[in-house]
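What follows is one structure encoded as structure tokens, with my remarks underneath.
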Amino acid sequence: MSTLILVGHDGRQADPGLDRLVGAAAALGEPVDLLLVGHGLEAVAASVAHLAGVRDLLCADAPALAEARAETLARQLHAVGAPYRRLLAAHGLGHRAALARAAGLFGNNFLADLVALPEADRCVRPLYAGAVLATVQPQGERLIATLRASAFAPCGTAAAPAPCRAVPAVAADPRSRLLGRSAVGGSRPELAQARIVVAGGRGVGSAEAMGLVEALADHLGAAVGASRAAVDAGYAAAETQVGQTGKTVAPALYLAAGISGAIQHVAGIKDAKLIVAINKDPDAPIFSVADLGLVGDLFEVLPALKAALPAQA
């Protein structure tokens, strides 16, 4: 009745939020193992070995797995996952593709974006852009699913590291290959894991004016977000999009400037602890979900906030 978690990593350290996935799985009171796939995994293994609740690290290390795509990850999960009741990973495009393919190999169903695991055979996932939370029972021999890491509490740190155990590496699936990689530069926090997010919408008006949002975010040590309307208009980069068709966030503070509050955007921020909305339209839908709302011109409010609030490291 154990759990295997597929670890996302950049070759040096695990993706943010792994401690929350381990916390979610460990809360079920059953053994938790981590699967690392790649080449030269020593640094990654060292970065996750002290997570409390982890029993073993399974390392599939081979040169052919250095850039493992979804098809190859699915093969690796299928090769080592038979003894496990649950196969989990952080919700995201790559892992969602990999686990869905692994579910097909197992003849199992697949569930995406779980936000709670109240029992060993029950899970909770959002429906209808987050308007409904459904408790579902997975069908088949095992639960294969991606989890919204921000919805779970992190695990602690173990005194002794979990042992690393080598497992046979599968042959890379040749049907897809990496052609290139485009990384977002800068020192801002990763959007999905940030404690504070400052986001701009259509009301920002231009890519140049989006600099006000970015300036406040940098002042607060926050991540920069954007609505789909702002991204479509070219005001912000696609990787900053928050919402049903973008990233789901659950920060301690979400500050929305010039965002009207379409249901697709609200679906991506509903788990934020505190939502602050700034909009010059008093009837903007964002005010119905905001904890604090300010009717005002963002071009006046954002500089004033930056001047009044202390800078964060």
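Note on naming: chains are A, B, ... as they come in the structure tokens, residues start from 1 per chain, ligands start from 1 in the order shown.
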Contacts of region 26-30 of chain A within 7 Å, only C-alpha atoms, excl. fewer than 4 positions in-chain, as a ChimeraX atom specification: /A:1-2,22,53,119-120
Write a file of the just-selected residues containing all heavy atoms, as a compact mmCIF listing (two decimals), in the first residue's frame.
```
# COMPACT_ATOMS: atom_id res chain seq x y z
N MET A 1 0.84 -1.21 0.00
CA MET A 1 0.00 0.00 0.00
C MET A 1 0.87 1.26 0.00
O MET A 1 0.54 2.26 0.59
CB MET A 1 -0.90 0.01 1.23
CG MET A 1 -1.85 -1.17 1.32
SD MET A 1 -3.12 -1.10 0.07
CE MET A 1 -4.18 0.16 0.79
N SER A 2 2.02 1.20 -0.64
CA SER A 2 2.96 2.32 -0.61
C SER A 2 2.73 3.28 -1.79
O SER A 2 1.95 3.00 -2.70
CB SER A 2 4.40 1.80 -0.62
OG SER A 2 4.58 0.90 -1.69
N VAL A 22 5.31 15.00 -0.73
CA VAL A 22 5.69 13.99 0.26
C VAL A 22 4.82 14.12 1.50
O VAL A 22 4.38 13.11 2.07
CB VAL A 22 7.18 14.14 0.63
CG1 VAL A 22 7.55 13.22 1.78
CG2 VAL A 22 8.06 13.84 -0.58
N GLY A 53 9.63 11.26 5.91
CA GLY A 53 8.60 10.37 5.40
C GLY A 53 9.04 9.57 4.19
O GLY A 53 8.32 8.67 3.76
N GLU A 119 -8.55 10.25 2.40
CA GLU A 119 -8.44 8.85 2.77
C GLU A 119 -7.61 8.13 1.72
O GLU A 119 -7.36 8.66 0.63
CB GLU A 119 -9.83 8.20 2.87
CG GLU A 119 -10.77 8.83 3.88
CD GLU A 119 -12.14 8.20 3.82
OE1 GLU A 119 -12.23 6.99 3.53
OE2 GLU A 119 -13.12 8.92 4.05
N ALA A 120 -7.20 6.91 2.05
CA ALA A 120 -6.36 6.15 1.13
C ALA A 120 -7.06 5.88 -0.19
O ALA A 120 -6.42 5.79 -1.23
CB ALA A 120 -5.93 4.84 1.78
```
Residue contacts of region 164-169 of chain A (6 Å, only C-alpha atoms) excluding same-chain residues fewer than 4 positions away, as a ChimeraX atom specification: /A:57-60
Atoms kept (N, CA and C atoms) for selection, written as a tab-separated table (two decimals), in the first residue's frame:
```tsv
chain	number	residue	atom	x	y	z
A	57	LEU	N	14.97	6.20	-2.20
A	57	LEU	CA	15.10	6.92	-3.45
A	57	LEU	C	15.41	5.90	-4.54
A	58	LEU	N	14.56	5.83	-5.55
A	58	LEU	CA	14.79	4.93	-6.67
A	58	LEU	C	15.40	5.75	-7.80
A	59	CYS	N	16.63	5.45	-8.19
A	59	CYS	CA	17.33	6.24	-9.17
A	59	CYS	C	17.51	5.46	-10.47
A	60	ALA	N	16.84	5.92	-11.53
A	60	ALA	CA	17.02	5.37	-12.87
A	60	ALA	C	17.97	6.30	-13.60
```
Near-Gly203 (chain A) list (10 Å; only C-alpha atoms; drop same-chain fewer than 3 positions) as a VMD selection string: chain A and resid 200 206 209 to 210 229 to 230 257 to 260 278 to 281 297 to 299
Would you mind exporting the chosen residues as a PDB file, in the first residue's frame, restricted to C-alpha atoms?
```pdb
ATOM      1  CA  GLY A 200      -1.632  42.709 -13.760  1.00  0.00           C
ATOM      2  CA  SER A 206       0.534  48.245 -22.206  1.00  0.00           C
ATOM      3  CA  ALA A 209       2.945  49.985 -17.941  1.00  0.00           C
ATOM      4  CA  MET A 210       3.328  46.385 -16.762  1.00  0.00           C
ATOM      5  CA  ALA A 229      -6.259  39.082 -21.283  1.00  0.00           C
ATOM      6  CA  ALA A 230      -2.940  40.736 -20.429  1.00  0.00           C
ATOM      7  CA  ALA A 257      -4.164  45.139 -10.373  1.00  0.00           C
ATOM      8  CA  GLY A 258      -6.423  45.972 -13.310  1.00  0.00           C
ATOM      9  CA  ILE A 259      -7.845  42.433 -13.416  1.00  0.00           C
ATOM     10  CA  SER A 260     -11.597  42.229 -13.972  1.00  0.00           C
ATOM     11  CA  ILE A 278      -7.267  47.127  -7.300  1.00  0.00           C
ATOM     12  CA  ASN A 279      -9.623  48.236 -10.062  1.00  0.00           C
ATOM     13  CA  LYS A 280     -11.179  51.522 -11.079  1.00  0.00           C
ATOM     14  CA  ASP A 281     -14.464  49.762 -11.932  1.00  0.00           C
ATOM     15  CA  ASP A 297      -6.430  53.964 -10.561  1.00  0.00           C
ATOM     16  CA  LEU A 298      -3.634  51.368 -10.505  1.00  0.00           C
ATOM     17  CA  PHE A 299      -1.242  53.956 -11.983  1.00  0.00           C
TER      18      PHE A 299
END
```
Non-local contacts of Phe152 (chain A) (10 Å; only C-alpha atoms; under 3 positions in same chain excluded) as number ranges by chain: A: 17, 19-25, 114-117, 147-149, 155
With C-alpha atoms retained, export the selected residues as a PDB file, in the first residue's frame.
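The resulting selection_37.pdb:
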```
ATOM      1  CA  GLY A  17       6.841  21.760  -3.920  1.00  0.00           C
ATOM      2  CA  ASP A  19       8.096  18.495   0.135  1.00  0.00           C
ATOM      3  CA  ARG A  20       4.356  19.165  -0.096  1.00  0.00           C
ATOM      4  CA  LEU A  21       3.752  16.077  -2.233  1.00  0.00           C
ATOM      5  CA  VAL A  22       5.695  13.994   0.258  1.00  0.00           C
ATOM      6  CA  GLY A  23       3.669  15.535   3.074  1.00  0.00           C
ATOM      7  CA  ALA A  24       0.414  14.642   1.336  1.00  0.00           C
ATOM      8  CA  ALA A  25       1.475  11.038   0.733  1.00  0.00           C
ATOM      9  CA  LEU A 114      -5.928  16.667  -6.898  1.00  0.00           C
ATOM     10  CA  VAL A 115      -6.222  19.123  -4.008  1.00  0.00           C
ATOM     11  CA  ALA A 116      -6.838  16.708  -1.117  1.00  0.00           C
ATOM     12  CA  LEU A 117      -6.300  13.070  -0.153  1.00  0.00           C
ATOM     13  CA  LEU A 147      -1.358  16.792  -7.209  1.00  0.00           C
ATOM     14  CA  ARG A 148      -1.603  20.556  -6.828  1.00  0.00           C
ATOM     15  CA  ALA A 149       1.400  20.927  -4.529  1.00  0.00           C
ATOM     16  CA  CYS A 155       6.728  17.573   5.237  1.00  0.00           C
TER      17      CYS A 155
END
```
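Distances from A:Gly104, A:Pro126, A:Pro138, A:Pro163 to Glu42 (chain A) were compared using only C-alpha atoms, and the smallest one belongs to A:Pro163.
Using only C-alpha atoms, the smallest distance between any of A:Gln193, A:Gln76, A:Ser288, A:Gln241 and Arg228 (chain A) comes from A:Gln241.
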Within 12 Å of Leu87 (chain A) using only C-alpha atoms, minus same-chain residues under 5 positions, as a ChimeraX atom specification: /A:1-7,21-22,25,32-35,74,76-78,80-82,95-96,98-100,102-103,106,108-112,141-147
Restricted to N, CA and C atoms, what would the selected residues look like written as a short mmCIF file (atom, residue, chain, number, x, y, z; two decimals), in the first residue's frame?
```cif
data_model
loop_
_atom_site.label_atom_id
_atom_site.label_comp_id
_atom_site.auth_asym_id
_atom_site.auth_seq_id
_atom_site.Cartn_x
_atom_site.Cartn_y
_atom_site.Cartn_z
N MET A 1 0.84 -1.21 0.00
CA MET A 1 0.00 0.00 0.00
C MET A 1 0.87 1.26 0.00
N SER A 2 2.02 1.20 -0.64
CA SER A 2 2.96 2.32 -0.61
C SER A 2 2.73 3.28 -1.79
N THR A 3 3.44 4.40 -1.75
CA THR A 3 3.30 5.47 -2.74
C THR A 3 4.64 5.73 -3.42
N LEU A 4 4.61 5.93 -4.73
CA LEU A 4 5.80 6.32 -5.48
C LEU A 4 5.55 7.69 -6.10
N ILE A 5 6.46 8.64 -5.84
CA ILE A 5 6.34 10.00 -6.35
C ILE A 5 7.42 10.24 -7.39
N LEU A 6 7.01 10.65 -8.58
CA LEU A 6 7.96 11.02 -9.63
C LEU A 6 8.51 12.41 -9.33
N VAL A 7 9.82 12.53 -9.26
CA VAL A 7 10.46 13.78 -8.88
C VAL A 7 10.81 14.59 -10.13
N LEU A 21 4.25 17.35 -1.73
CA LEU A 21 3.75 16.08 -2.23
C LEU A 21 4.09 14.96 -1.25
N VAL A 22 5.31 15.00 -0.73
CA VAL A 22 5.69 13.99 0.26
C VAL A 22 4.82 14.12 1.50
N ALA A 25 1.43 12.49 0.78
CA ALA A 25 1.47 11.04 0.73
C ALA A 25 1.77 10.44 2.11
N VAL A 32 6.57 5.94 1.57
CA VAL A 32 6.68 6.82 0.41
C VAL A 32 8.07 6.68 -0.18
N ASP A 33 8.16 6.37 -1.47
CA ASP A 33 9.42 6.31 -2.19
C ASP A 33 9.42 7.39 -3.27
N LEU A 34 10.60 7.83 -3.66
CA LEU A 34 10.75 8.83 -4.71
C LEU A 34 11.46 8.21 -5.91
N LEU A 35 10.97 8.52 -7.10
CA LEU A 35 11.59 8.05 -8.34
C LEU A 35 12.30 9.21 -9.03
N ALA A 74 6.85 7.67 -18.70
CA ALA A 74 5.76 6.70 -18.54
C ALA A 74 6.30 5.28 -18.57
N GLN A 76 9.27 4.34 -17.65
CA GLN A 76 10.01 4.10 -16.41
C GLN A 76 9.06 3.87 -15.24
N LEU A 77 7.98 4.64 -15.20
CA LEU A 77 6.98 4.44 -14.15
C LEU A 77 6.35 3.05 -14.25
N HIS A 78 6.09 2.63 -15.47
CA HIS A 78 5.50 1.31 -15.67
C HIS A 78 6.47 0.21 -15.27
N VAL A 80 8.80 0.27 -12.90
CA VAL A 80 9.07 0.14 -11.45
C VAL A 80 7.83 0.31 -10.59
N GLY A 81 6.70 0.70 -11.19
CA GLY A 81 5.55 1.09 -10.39
C GLY A 81 4.59 -0.01 -9.99
N ALA A 82 4.77 -1.23 -10.48
CA ALA A 82 3.81 -2.30 -10.20
C ALA A 82 3.58 -2.54 -8.71
N HIS A 95 4.39 16.34 -16.30
CA HIS A 95 4.00 15.21 -15.46
C HIS A 95 2.59 14.73 -15.78
N ARG A 96 1.72 15.65 -16.14
CA ARG A 96 0.37 15.23 -16.51
C ARG A 96 0.43 14.33 -17.74
N ALA A 98 3.04 12.49 -18.67
CA ALA A 98 3.73 11.25 -18.33
C ALA A 98 2.83 10.29 -17.55
N LEU A 99 2.12 10.80 -16.55
CA LEU A 99 1.30 9.92 -15.73
C LEU A 99 0.07 9.42 -16.48
N ALA A 100 -0.47 10.24 -17.38
CA ALA A 100 -1.59 9.76 -18.19
C ALA A 100 -1.15 8.60 -19.08
N ALA A 102 1.41 6.58 -18.40
CA ALA A 102 1.67 5.46 -17.50
C ALA A 102 0.37 4.76 -17.12
N ALA A 103 -0.69 5.55 -16.90
CA ALA A 103 -1.99 4.95 -16.58
C ALA A 103 -2.46 4.07 -17.72
N PHE A 106 -0.69 0.78 -17.61
CA PHE A 106 -1.19 -0.07 -16.52
C PHE A 106 -2.64 -0.50 -16.74
N ASN A 108 -5.10 1.59 -16.29
CA ASN A 108 -5.68 2.24 -15.12
C ASN A 108 -6.26 3.59 -15.54
N ASN A 109 -7.09 4.18 -14.69
CA ASN A 109 -7.53 5.54 -14.98
C ASN A 109 -6.52 6.55 -14.43
N PHE A 110 -6.68 7.80 -14.80
CA PHE A 110 -5.77 8.86 -14.40
C PHE A 110 -6.58 10.05 -13.91
N LEU A 111 -6.13 10.67 -12.82
CA LEU A 111 -6.79 11.85 -12.27
C LEU A 111 -5.78 12.99 -12.19
N ALA A 112 -6.22 14.19 -12.54
CA ALA A 112 -5.32 15.34 -12.57
C ALA A 112 -5.72 16.39 -11.55
N GLU A 141 -6.55 -0.79 -10.02
CA GLU A 141 -5.70 -1.30 -8.94
C GLU A 141 -4.97 -0.21 -8.19
N ARG A 142 -4.76 0.95 -8.81
CA ARG A 142 -3.94 1.98 -8.16
C ARG A 142 -4.44 3.38 -8.52
N LEU A 143 -4.03 4.33 -7.69
CA LEU A 143 -4.30 5.74 -7.96
C LEU A 143 -3.10 6.30 -8.72
N ILE A 144 -3.33 6.81 -9.92
CA ILE A 144 -2.30 7.47 -10.71
C ILE A 144 -2.78 8.90 -10.93
N ALA A 145 -2.06 9.86 -10.38
CA ALA A 145 -2.60 11.22 -10.35
C ALA A 145 -1.52 12.26 -10.20
N THR A 146 -1.84 13.50 -10.63
CA THR A 146 -1.01 14.66 -10.32
C THR A 146 -1.68 15.44 -9.20
N LEU A 147 -0.88 16.04 -8.35
CA LEU A 147 -1.36 16.79 -7.21
C LEU A 147 -1.00 18.26 -7.34
#
```
